[in-house]
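Asks: A single structure is presented below for examination.
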Amino acid sequence: MAAVAALLLLSGGAYAVASAVISLAPDVAQLPTHEVSEAVTPLPLQPQADALEAYPFQLYRSDVSRSNDTADTLLKRLGIDDPAAAAFLRADPNAQQALLGRVGRSLKAEATDANALLRLVARWSPEDDGKFKRLVIERTGPTFSSRLETAPLTASSRLAGGTIQTSLFAATDDAQVPDAVAIQIAEIFSGDIDFHRELRKGDRFSVIYETLEGDGEPLRAGRVLSAEFVNDGKTYQAMWFQEPSASAASPQDEGRATHSLTKGGYYTLDGQSLRRAYLASPLAFSRVTSGFKMRFHPILHKWIAHLGVDYAAPIGTPVRSVGDGVVEFAGVQNGFGNVIYIKHRNNHTTVYGHLSRIAVKRGQRVSQGQNIGATGATGWATGPHLHFEFRVNGIHQNPLAVARKSESTPVPAAARPVFLRFASAVRQQLAAAAMLQTGTTQ
Ligand SMILES: [Zn+2]
């Protein structure tokens, strides 16, 4: 009791909260934006302590289920000491099937001040079908009951922002942005920024993304709706755009629609598609590749003037073709080890060396982003990495410069008025997200 009281008193200290939620409405321009920022002054301590002693209270705790959870470890983590509840969880078919040993399910528990279980709710969204499952275990008199329910997810939008100190993932973790959203941000700007090699301390991001909630608990990250990234002082902005007529079509109709924008995509706010002929990086951005540092000096490629870009990555990391093309060579070469050459339009060639695995054959057509093999340390490599080259008419070029120069398509003229209306709303949202970021980094 005393320990709990001390915890509650501590958490009454002064702090500032900044959060913002916008809900999805038919017209983005009409979306309300709320920003809350408040300082909380602690109440005098003694009256609080007295109040805690005077009333029994219920305790609410949250956690996430783990794959190795047993009835006992799960309840213990939720601060519940209740042998009857543990026995119920072990015996109940719903708990066995939907809770114990299931990873990543959102848990909320309600307990008495004696740490006995009153109610335990687990929520999760197993499929991308707009629904979530809810397992409710409740004390009913001397024993417990359980029930399994299905309910619709509600979509809302979340604003978040952060500044890169060490890595993109460290910054998105601080901003409580899910990995799926961090990866989307990296992919959206992948034609402009090489997130493996070009991130700078002090780079900033702002993002507005869809989050799917069950009973107010975020259970699934949806699509990034708009994002801004400031890399080395240069600002990049992107928004998702789909022509309203196309987005209103049901999934079955989509295949038959003739709009060029049927699938939607990311655009700059002045209406240029962010999809380019080439990706800046042959490795998809991930927690693994972002945390893997070069443990050798790339200049050790003494067998040739170093005319490529080296990406450190654990052996087996998937390698993708940066553009549409045809496999010109796939096999072993001195120095390069297992290597793939891909021929693209306009006499452009990309080269992927030191692979541990080759997944394509000579003459095969590949599309942008397609997996072609995996990183390794074959040939004259002193550590696991991908050696990547971009050649134009046989002459080596900086891959990122080529990716940035490659042509992009504008929004069709007919859709432009609608696009510009969306873009103006997005500008305001990104400005709000940028303000939010200064609120949370203090
Ligand atoms: Zn190299």
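Here, A, B, ... name the chains of the structure tokens in the order displayed, residue numbers run from 1 inside each chain, and ligands are numbered from 1 in the same displayed order.
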Name all residues at most 12 Å from Phe132 (chain A) (count only C-alpha atoms; drop same-chain ones fewer than 2 positions away) and give them as number ranges by chain.

Replies: A: 105-106, 122-130, 134-135, 148-154, 212-220

Asks: Neighbours of ligand 1 at 6 Å or closer, counting only C-alpha atoms and all ligand atoms: which residues, as JSON, numbers by chain?

Replies: {"A": [308, 309, 310, 387]}

Asks: Only C-alpha atoms, please: the residues just picked out, written as a PDB file, in the first residue's frame.

Replies:
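See again_35.pdb below for the written result:
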ATOM      1  CA  GLY A 308      30.635   1.779 -55.786  1.00  0.00           C
ATOM      2  CA  VAL A 309      28.753   2.222 -52.579  1.00  0.00           C
ATOM      3  CA  ASP A 310      29.140  -0.248 -49.718  1.00  0.00           C
ATOM      4  CA  HIS A 387      28.795  -3.594 -52.975  1.00  0.00           C
TER       5      HIS A 387
END

Asks: May I ask which of the residues A:His348, A:Arg427, A:Arg61, A:Arg421 is the closest one to Gln397 (chain A), counting only C-alpha atoms?

Replies: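 The shortest atom-to-atom distance to Gln397 (chain A) comes from A:His348.
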
Asks: Calculated over only C-alpha atoms, which of the candidates A:Gly271, A:Gly141, A:Pro93, A:Gly79 has the smallest distance to Phe422 (chain A)?

Replies: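 Result for the nearest residue to Phe422 (chain A): A:Gly271.
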
Asks: With only C-alpha atoms as the basis for distance, which of A:Pro314, A:Ala425, A:Leu283, A:Arg391 is at the shortest distance from Ile342 (chain A)?

Replies: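 When distances to Ile342 (chain A) are compared using only C-alpha atoms, the smallest one comes from A:Arg391.
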
Asks: Enumerate the residues of region 226-415 of chain A with a DSSP assignment of alpha helix (DSSP H), computed from the backbone, and present them as a list in words.

Replies: Pro244, Ser245, Ala246, Ser247, Ala248, Pro251, Gln252, Asp253, Glu254, Arg287, Val288, Thr289, Ser290, Gly291, Pro399, Leu400, Ala401, Val402, Ala403, Arg404 and Lys405 of chain A

Asks: Would you output that residue set with N, CA, C and O atoms, as an mmCIF file, in the first residue's frame?

Replies:
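To be explicit, this is the file written out as again_4.cif:
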data_model
loop_
_atom_site.group_PDB
_atom_site.id
_atom_site.type_symbol
_atom_site.label_atom_id
_atom_site.label_comp_id
_atom_site.auth_asym_id
_atom_site.auth_seq_id
_atom_site.Cartn_x
_atom_site.Cartn_y
_atom_site.Cartn_z
ATOM 1 N N PRO A 244 -10.648 10.846 -55.553
ATOM 2 C CA PRO A 244 -11.810 10.474 -54.745
ATOM 3 C C PRO A 244 -12.696 9.437 -55.428
ATOM 4 O O PRO A 244 -13.143 8.492 -54.792
ATOM 5 N N SER A 245 -12.903 9.545 -56.724
ATOM 6 C CA SER A 245 -13.769 8.578 -57.408
ATOM 7 C C SER A 245 -13.183 7.179 -57.341
ATOM 8 O O SER A 245 -13.885 6.194 -57.171
ATOM 9 N N ALA A 246 -11.851 7.110 -57.437
ATOM 10 C CA ALA A 246 -11.195 5.807 -57.403
ATOM 11 C C ALA A 246 -11.201 5.234 -55.989
ATOM 12 O O ALA A 246 -11.421 4.052 -55.787
ATOM 13 N N SER A 247 -11.013 6.126 -54.981
ATOM 14 C CA SER A 247 -10.946 5.612 -53.615
ATOM 15 C C SER A 247 -12.303 5.144 -53.138
ATOM 16 O O SER A 247 -12.417 4.333 -52.238
ATOM 17 N N ALA A 248 -13.383 5.680 -53.758
ATOM 18 C CA ALA A 248 -14.724 5.284 -53.346
ATOM 19 C C ALA A 248 -15.091 3.906 -53.895
ATOM 20 O O ALA A 248 -16.014 3.265 -53.415
ATOM 21 N N PRO A 251 -13.127 -2.769 -53.387
ATOM 22 C CA PRO A 251 -11.942 -3.497 -53.850
ATOM 23 C C PRO A 251 -12.209 -4.331 -55.120
ATOM 24 O O PRO A 251 -11.347 -4.448 -55.978
ATOM 25 N N GLN A 252 -13.422 -4.875 -55.238
ATOM 26 C CA GLN A 252 -13.730 -5.693 -56.418
ATOM 27 C C GLN A 252 -13.744 -4.842 -57.691
ATOM 28 O O GLN A 252 -13.417 -5.306 -58.769
ATOM 29 N N ASP A 253 -14.163 -3.570 -57.531
ATOM 30 C CA ASP A 253 -14.248 -2.698 -58.703
ATOM 31 C C ASP A 253 -12.880 -2.189 -59.136
ATOM 32 O O ASP A 253 -12.695 -1.799 -60.276
ATOM 33 N N GLU A 254 -11.943 -2.198 -58.169
ATOM 34 C CA GLU A 254 -10.677 -1.533 -58.426
ATOM 35 C C GLU A 254 -9.961 -2.043 -59.667
ATOM 36 O O GLU A 254 -9.419 -1.279 -60.428
ATOM 37 N N ARG A 287 15.047 -2.348 -39.072
ATOM 38 C CA ARG A 287 15.766 -2.226 -37.807
ATOM 39 C C ARG A 287 17.131 -2.908 -37.909
ATOM 40 O O ARG A 287 18.125 -2.434 -37.382
ATOM 41 N N VAL A 288 17.165 -4.056 -38.604
ATOM 42 C CA VAL A 288 18.416 -4.812 -38.717
ATOM 43 C C VAL A 288 19.457 -4.032 -39.512
ATOM 44 O O VAL A 288 20.571 -3.800 -39.046
ATOM 45 N N THR A 289 19.088 -3.571 -40.716
ATOM 46 C CA THR A 289 20.088 -2.902 -41.548
ATOM 47 C C THR A 289 20.470 -1.547 -40.963
ATOM 48 O O THR A 289 21.605 -1.103 -41.106
ATOM 49 N N SER A 290 19.532 -0.888 -40.286
ATOM 50 C CA SER A 290 19.845 0.447 -39.771
ATOM 51 C C SER A 290 20.805 0.379 -38.593
ATOM 52 O O SER A 290 21.519 1.328 -38.307
ATOM 53 N N GLY A 291 20.823 -0.755 -37.876
ATOM 54 C CA GLY A 291 21.673 -0.852 -36.695
ATOM 55 C C GLY A 291 23.003 -1.532 -36.964
ATOM 56 O O GLY A 291 23.819 -1.684 -36.077
ATOM 57 N N PRO A 399 24.929 6.646 -57.212
ATOM 58 C CA PRO A 399 23.576 6.080 -57.353
ATOM 59 C C PRO A 399 22.478 7.030 -56.876
ATOM 60 O O PRO A 399 21.418 7.122 -57.499
ATOM 61 N N LEU A 400 22.745 7.728 -55.785
ATOM 62 C CA LEU A 400 21.709 8.604 -55.237
ATOM 63 C C LEU A 400 21.423 9.766 -56.190
ATOM 64 O O LEU A 400 20.271 10.152 -56.384
ATOM 65 N N ALA A 401 22.483 10.279 -56.800
ATOM 66 C CA ALA A 401 22.296 11.386 -57.739
ATOM 67 C C ALA A 401 21.448 10.927 -58.929
ATOM 68 O O ALA A 401 20.572 11.657 -59.386
ATOM 69 N N VAL A 402 21.693 9.695 -59.398
ATOM 70 C CA VAL A 402 20.906 9.184 -60.529
ATOM 71 C C VAL A 402 19.446 8.999 -60.111
ATOM 72 O O VAL A 402 18.522 9.368 -60.835
ATOM 73 N N ALA A 403 19.244 8.451 -58.895
ATOM 74 C CA ALA A 403 17.876 8.219 -58.415
ATOM 75 C C ALA A 403 17.114 9.539 -58.334
ATOM 76 O O ALA A 403 15.954 9.637 -58.740
ATOM 77 N N ARG A 404 17.775 10.568 -57.836
ATOM 78 C CA ARG A 404 17.103 11.865 -57.680
ATOM 79 C C ARG A 404 16.783 12.501 -59.018
ATOM 80 O O ARG A 404 15.795 13.204 -59.158
ATOM 81 N N LYS A 405 17.672 12.250 -60.003
ATOM 82 C CA LYS A 405 17.474 12.878 -61.312
ATOM 83 C C LYS A 405 16.385 12.178 -62.123
ATOM 84 O O LYS A 405 15.840 12.749 -63.051
#

Asks: Write out as a CSV table (one decimal) with N, CA and C atoms, in the first residue's frame each polymer residue whose atoms come within 9 Å of Asp82 (chain A), counting only C-alpha atoms; drop sequence neighbours fewer than 3 positions from it.

Replies:
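Everything below was put into out-v9.csv:
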chain,number,residue,atom,x,y,z
A,75,LEU,N,0.0,-12.6,-15.1
A,75,LEU,CA,-0.6,-11.9,-14.0
A,75,LEU,C,0.4,-11.2,-13.1
A,85,ALA,N,-7.5,-16.6,-9.9
A,85,ALA,CA,-7.5,-16.0,-11.3
A,85,ALA,C,-6.5,-16.8,-12.2
A,86,ALA,N,-5.3,-17.2,-11.6
A,86,ALA,CA,-4.3,-17.9,-12.3
A,86,ALA,C,-4.9,-19.3,-12.7
A,87,ALA,N,-5.6,-19.9,-11.7
A,87,ALA,CA,-6.2,-21.2,-12.0
A,87,ALA,C,-7.2,-21.2,-13.1
A,115,ASN,N,-4.8,-6.5,-4.9
A,115,ASN,CA,-4.2,-7.1,-6.1
A,115,ASN,C,-4.9,-8.3,-6.6
A,116,ALA,N,-6.3,-8.4,-6.2
A,116,ALA,CA,-7.1,-9.5,-6.8
A,116,ALA,C,-7.7,-9.0,-8.1
A,117,LEU,N,-7.8,-10.0,-9.1
A,117,LEU,CA,-8.2,-9.6,-10.4
A,117,LEU,C,-9.7,-9.4,-10.4

Asks: CA of Ala434 (chain A) and CA of Thr268 (chain A), how far apart in Å?

Replies: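 Computed distance, CA of Thr268 (chain A) to CA of Ala434 (chain A), equals 17.3 Å.
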
Asks: Using only C-alpha atoms, which residues sit within 6 Å of region 332-339 of chain A once same-chain residues fewer than 5 positions away are excluded, as an MDAnalysis selection string?

Replies: chainID A and resid 352:355 378:380

Asks: Counting only C-alpha atoms, which of A:Gln96, A:Arg197, A:Asp192, A:Ala171 gets nearest to Lys234 (chain A)?

Replies: A:Asp192

Asks: I need the residue nearest Ser424 (chain A) from this list: A:Asp194, A:Asp174, A:Asp270, A:Glu389. Use only C-alpha atoms for the distance.

Replies: A:Asp270

Asks: Point out the residue among A:Thr349, A:Gln428, A:Thr317, A:Ser286 with the least atom-to-atom distance to Leu269 (chain A), counting only C-alpha atoms.

Replies: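 So, comparing all the options, the nearest one is A:Gln428.
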
Asks: Let's see if you can do this: from backbone DSSP, list all strand (DSSP E) residues in region 197-391 of chain A, as an NGL selection string.

Replies: :A and (204-214 or 217-231 or 234-241 or 265-267 or 309-312 or 318-320 or 325-333 or 337-344 or 348-358 or 365-366 or 371-375 or 385-391)

Asks: Could you tell me how far CA of Val327 (chain A) lies from CA of Arg362 (chain A), in Å and to one decimal?

Replies: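 Atom-to-atom, CA of Val327 (chain A) and CA of Arg362 (chain A) are spaced 5.0 Å apart.
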
Asks: Any idea what's packed within 7 Å of region 275-282 of chain A, counting only C-alpha atoms, ignoring anything in its chain fewer than 2 positions away? Could you give it as a list in words?

Replies: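 Residues near the query, excluding close chain neighbours: Ser190, Gly191, Asp192, Ile193, Asp194, Ser273, Ala284, Val319, Arg320, Ser321, Val322, Gly323, Pro399, Leu400, Ala403, Ser406, Glu407 and Ser408 of chain A.
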
Asks: Got a sec: who's within 10 Å of Lys343 (chain A), counting only C-alpha atoms, leaving out chain neighbours fewer than 6 positions off, as a PyMOL selection string?

Replies: chain A and resi 323-329+349-351+363+365-366+391

Asks: Please, could you write that set of residues out with N, CA and C atoms as a PDB file, in the first residue's frame?

Replies:
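As written to disk, result34.pdb reads:
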ATOM      1  N   GLY A 323      15.551  -0.692 -59.861  1.00  0.00           N
ATOM      2  CA  GLY A 323      14.674  -0.244 -60.935  1.00  0.00           C
ATOM      3  C   GLY A 323      14.214  -1.413 -61.786  1.00  0.00           C
ATOM      4  N   ASP A 324      13.271  -1.159 -62.689  1.00  0.00           N
ATOM      5  CA  ASP A 324      12.836  -2.192 -63.640  1.00  0.00           C
ATOM      6  C   ASP A 324      13.997  -2.489 -64.591  1.00  0.00           C
ATOM      7  N   GLY A 325      14.138  -3.733 -64.975  1.00  0.00           N
ATOM      8  CA  GLY A 325      15.212  -4.051 -65.905  1.00  0.00           C
ATOM      9  C   GLY A 325      15.277  -5.529 -66.235  1.00  0.00           C
ATOM     10  N   VAL A 326      16.410  -5.917 -66.836  1.00  0.00           N
ATOM     11  CA  VAL A 326      16.619  -7.310 -67.231  1.00  0.00           C
ATOM     12  C   VAL A 326      17.965  -7.760 -66.674  1.00  0.00           C
ATOM     13  N   VAL A 327      18.018  -8.975 -66.113  1.00  0.00           N
ATOM     14  CA  VAL A 327      19.266  -9.483 -65.548  1.00  0.00           C
ATOM     15  C   VAL A 327      20.251  -9.771 -66.690  1.00  0.00           C
ATOM     16  N   GLU A 328      21.403  -9.103 -66.630  1.00  0.00           N
ATOM     17  CA  GLU A 328      22.412  -9.225 -67.687  1.00  0.00           C
ATOM     18  C   GLU A 328      23.427 -10.302 -67.326  1.00  0.00           C
ATOM     19  N   PHE A 329      23.689 -10.416 -66.025  1.00  0.00           N
ATOM     20  CA  PHE A 329      24.619 -11.429 -65.532  1.00  0.00           C
ATOM     21  C   PHE A 329      24.236 -11.795 -64.109  1.00  0.00           C
ATOM     22  N   THR A 349      23.133   0.559 -65.945  1.00  0.00           N
ATOM     23  CA  THR A 349      23.373  -0.776 -65.380  1.00  0.00           C
ATOM     24  C   THR A 349      23.596  -0.649 -63.881  1.00  0.00           C
ATOM     25  N   THR A 350      22.989  -1.547 -63.104  1.00  0.00           N
ATOM     26  CA  THR A 350      23.306  -1.587 -61.677  1.00  0.00           C
ATOM     27  C   THR A 350      23.978  -2.919 -61.359  1.00  0.00           C
ATOM     28  N   VAL A 351      24.886  -2.891 -60.370  1.00  0.00           N
ATOM     29  CA  VAL A 351      25.701  -4.052 -60.013  1.00  0.00           C
ATOM     30  C   VAL A 351      25.562  -4.309 -58.515  1.00  0.00           C
ATOM     31  N   GLY A 363      18.810 -12.960 -68.138  1.00  0.00           N
ATOM     32  CA  GLY A 363      17.696 -12.800 -69.078  1.00  0.00           C
ATOM     33  C   GLY A 363      16.353 -12.548 -68.408  1.00  0.00           C
ATOM     34  N   ARG A 365      13.396 -10.794 -66.435  1.00  0.00           N
ATOM     35  CA  ARG A 365      12.906  -9.423 -66.241  1.00  0.00           C
ATOM     36  C   ARG A 365      12.638  -9.196 -64.755  1.00  0.00           C
ATOM     37  N   VAL A 366      13.101  -8.078 -64.218  1.00  0.00           N
ATOM     38  CA  VAL A 366      12.842  -7.773 -62.798  1.00  0.00           C
ATOM     39  C   VAL A 366      12.188  -6.395 -62.701  1.00  0.00           C
ATOM     40  N   ARG A 391      26.068   2.366 -63.203  1.00  0.00           N
ATOM     41  CA  ARG A 391      26.853   2.778 -64.368  1.00  0.00           C
ATOM     42  C   ARG A 391      25.930   3.327 -65.448  1.00  0.00           C
TER      43      ARG A 391
END

Asks: What does the structure give for the distance between CA of Leu107 (chain A) and CA of Leu74 (chain A), in Å to one decimal?

Replies: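 For CA of Leu107 (chain A) relative to CA of Leu74 (chain A), the distance reads 9.7 Å.
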
Asks: Contacts of Phe88 (chain A) at 10 Å or less, counting only C-alpha atoms, minus same-chain residues fewer than 5 places along, as a ChimeraX atom specification?

Replies: /A:71,83,93,95,137,143-146

Asks: Produce a file of the selected residues containing N, CA, C and O atoms, as a PDB file, in the first residue's frame.

Replies:
ATOM      1  N   ALA A  71       0.082 -18.369 -17.163  1.00  0.00           N
ATOM      2  CA  ALA A  71      -0.920 -17.663 -16.362  1.00  0.00           C
ATOM      3  C   ALA A  71      -0.231 -16.876 -15.248  1.00  0.00           C
ATOM      4  O   ALA A  71      -0.571 -15.719 -14.980  1.00  0.00           O
ATOM      5  N   PRO A  83      -4.323 -16.400  -6.897  1.00  0.00           N
ATOM      6  CA  PRO A  83      -4.224 -17.808  -7.315  1.00  0.00           C
ATOM      7  C   PRO A  83      -5.492 -18.304  -8.013  1.00  0.00           C
ATOM      8  O   PRO A  83      -5.404 -19.098  -8.955  1.00  0.00           O
ATOM      9  N   PRO A  93     -10.678 -22.438 -21.784  1.00  0.00           N
ATOM     10  CA  PRO A  93     -10.311 -22.654 -23.188  1.00  0.00           C
ATOM     11  C   PRO A  93     -10.053 -21.338 -23.942  1.00  0.00           C
ATOM     12  O   PRO A  93      -9.134 -21.267 -24.763  1.00  0.00           O
ATOM     13  N   ALA A  95      -8.878 -18.482 -22.726  1.00  0.00           N
ATOM     14  CA  ALA A  95      -7.581 -17.947 -22.302  1.00  0.00           C
ATOM     15  C   ALA A  95      -6.449 -18.768 -22.901  1.00  0.00           C
ATOM     16  O   ALA A  95      -5.431 -18.228 -23.342  1.00  0.00           O
ATOM     17  N   ILE A 137     -12.152 -11.356 -19.440  1.00  0.00           N
ATOM     18  CA  ILE A 137     -12.219 -12.289 -18.301  1.00  0.00           C
ATOM     19  C   ILE A 137     -12.640 -11.462 -17.095  1.00  0.00           C
ATOM     20  O   ILE A 137     -11.991 -10.461 -16.764  1.00  0.00           O
ATOM     21  N   THR A 143     -16.300 -16.787  -8.712  1.00  0.00           N
ATOM     22  CA  THR A 143     -15.421 -17.333  -9.747  1.00  0.00           C
ATOM     23  C   THR A 143     -15.271 -16.334 -10.904  1.00  0.00           C
ATOM     24  O   THR A 143     -15.555 -15.160 -10.764  1.00  0.00           O
ATOM     25  N   PHE A 144     -14.808 -16.845 -12.047  1.00  0.00           N
ATOM     26  CA  PHE A 144     -14.585 -15.966 -13.202  1.00  0.00           C
ATOM     27  C   PHE A 144     -15.355 -16.481 -14.402  1.00  0.00           C
ATOM     28  O   PHE A 144     -15.718 -17.647 -14.475  1.00  0.00           O
ATOM     29  N   SER A 145     -15.589 -15.584 -15.369  1.00  0.00           N
ATOM     30  CA  SER A 145     -16.167 -16.014 -16.639  1.00  0.00           C
ATOM     31  C   SER A 145     -15.328 -15.402 -17.752  1.00  0.00           C
ATOM     32  O   SER A 145     -14.607 -14.424 -17.519  1.00  0.00           O
ATOM     33  N   SER A 146     -15.407 -15.971 -18.941  1.00  0.00           N
ATOM     34  CA  SER A 146     -14.669 -15.403 -20.066  1.00  0.00           C
ATOM     35  C   SER A 146     -15.563 -15.360 -21.288  1.00  0.00           C
ATOM     36  O   SER A 146     -16.479 -16.174 -21.426  1.00  0.00           O
TER      37      SER A 146
END
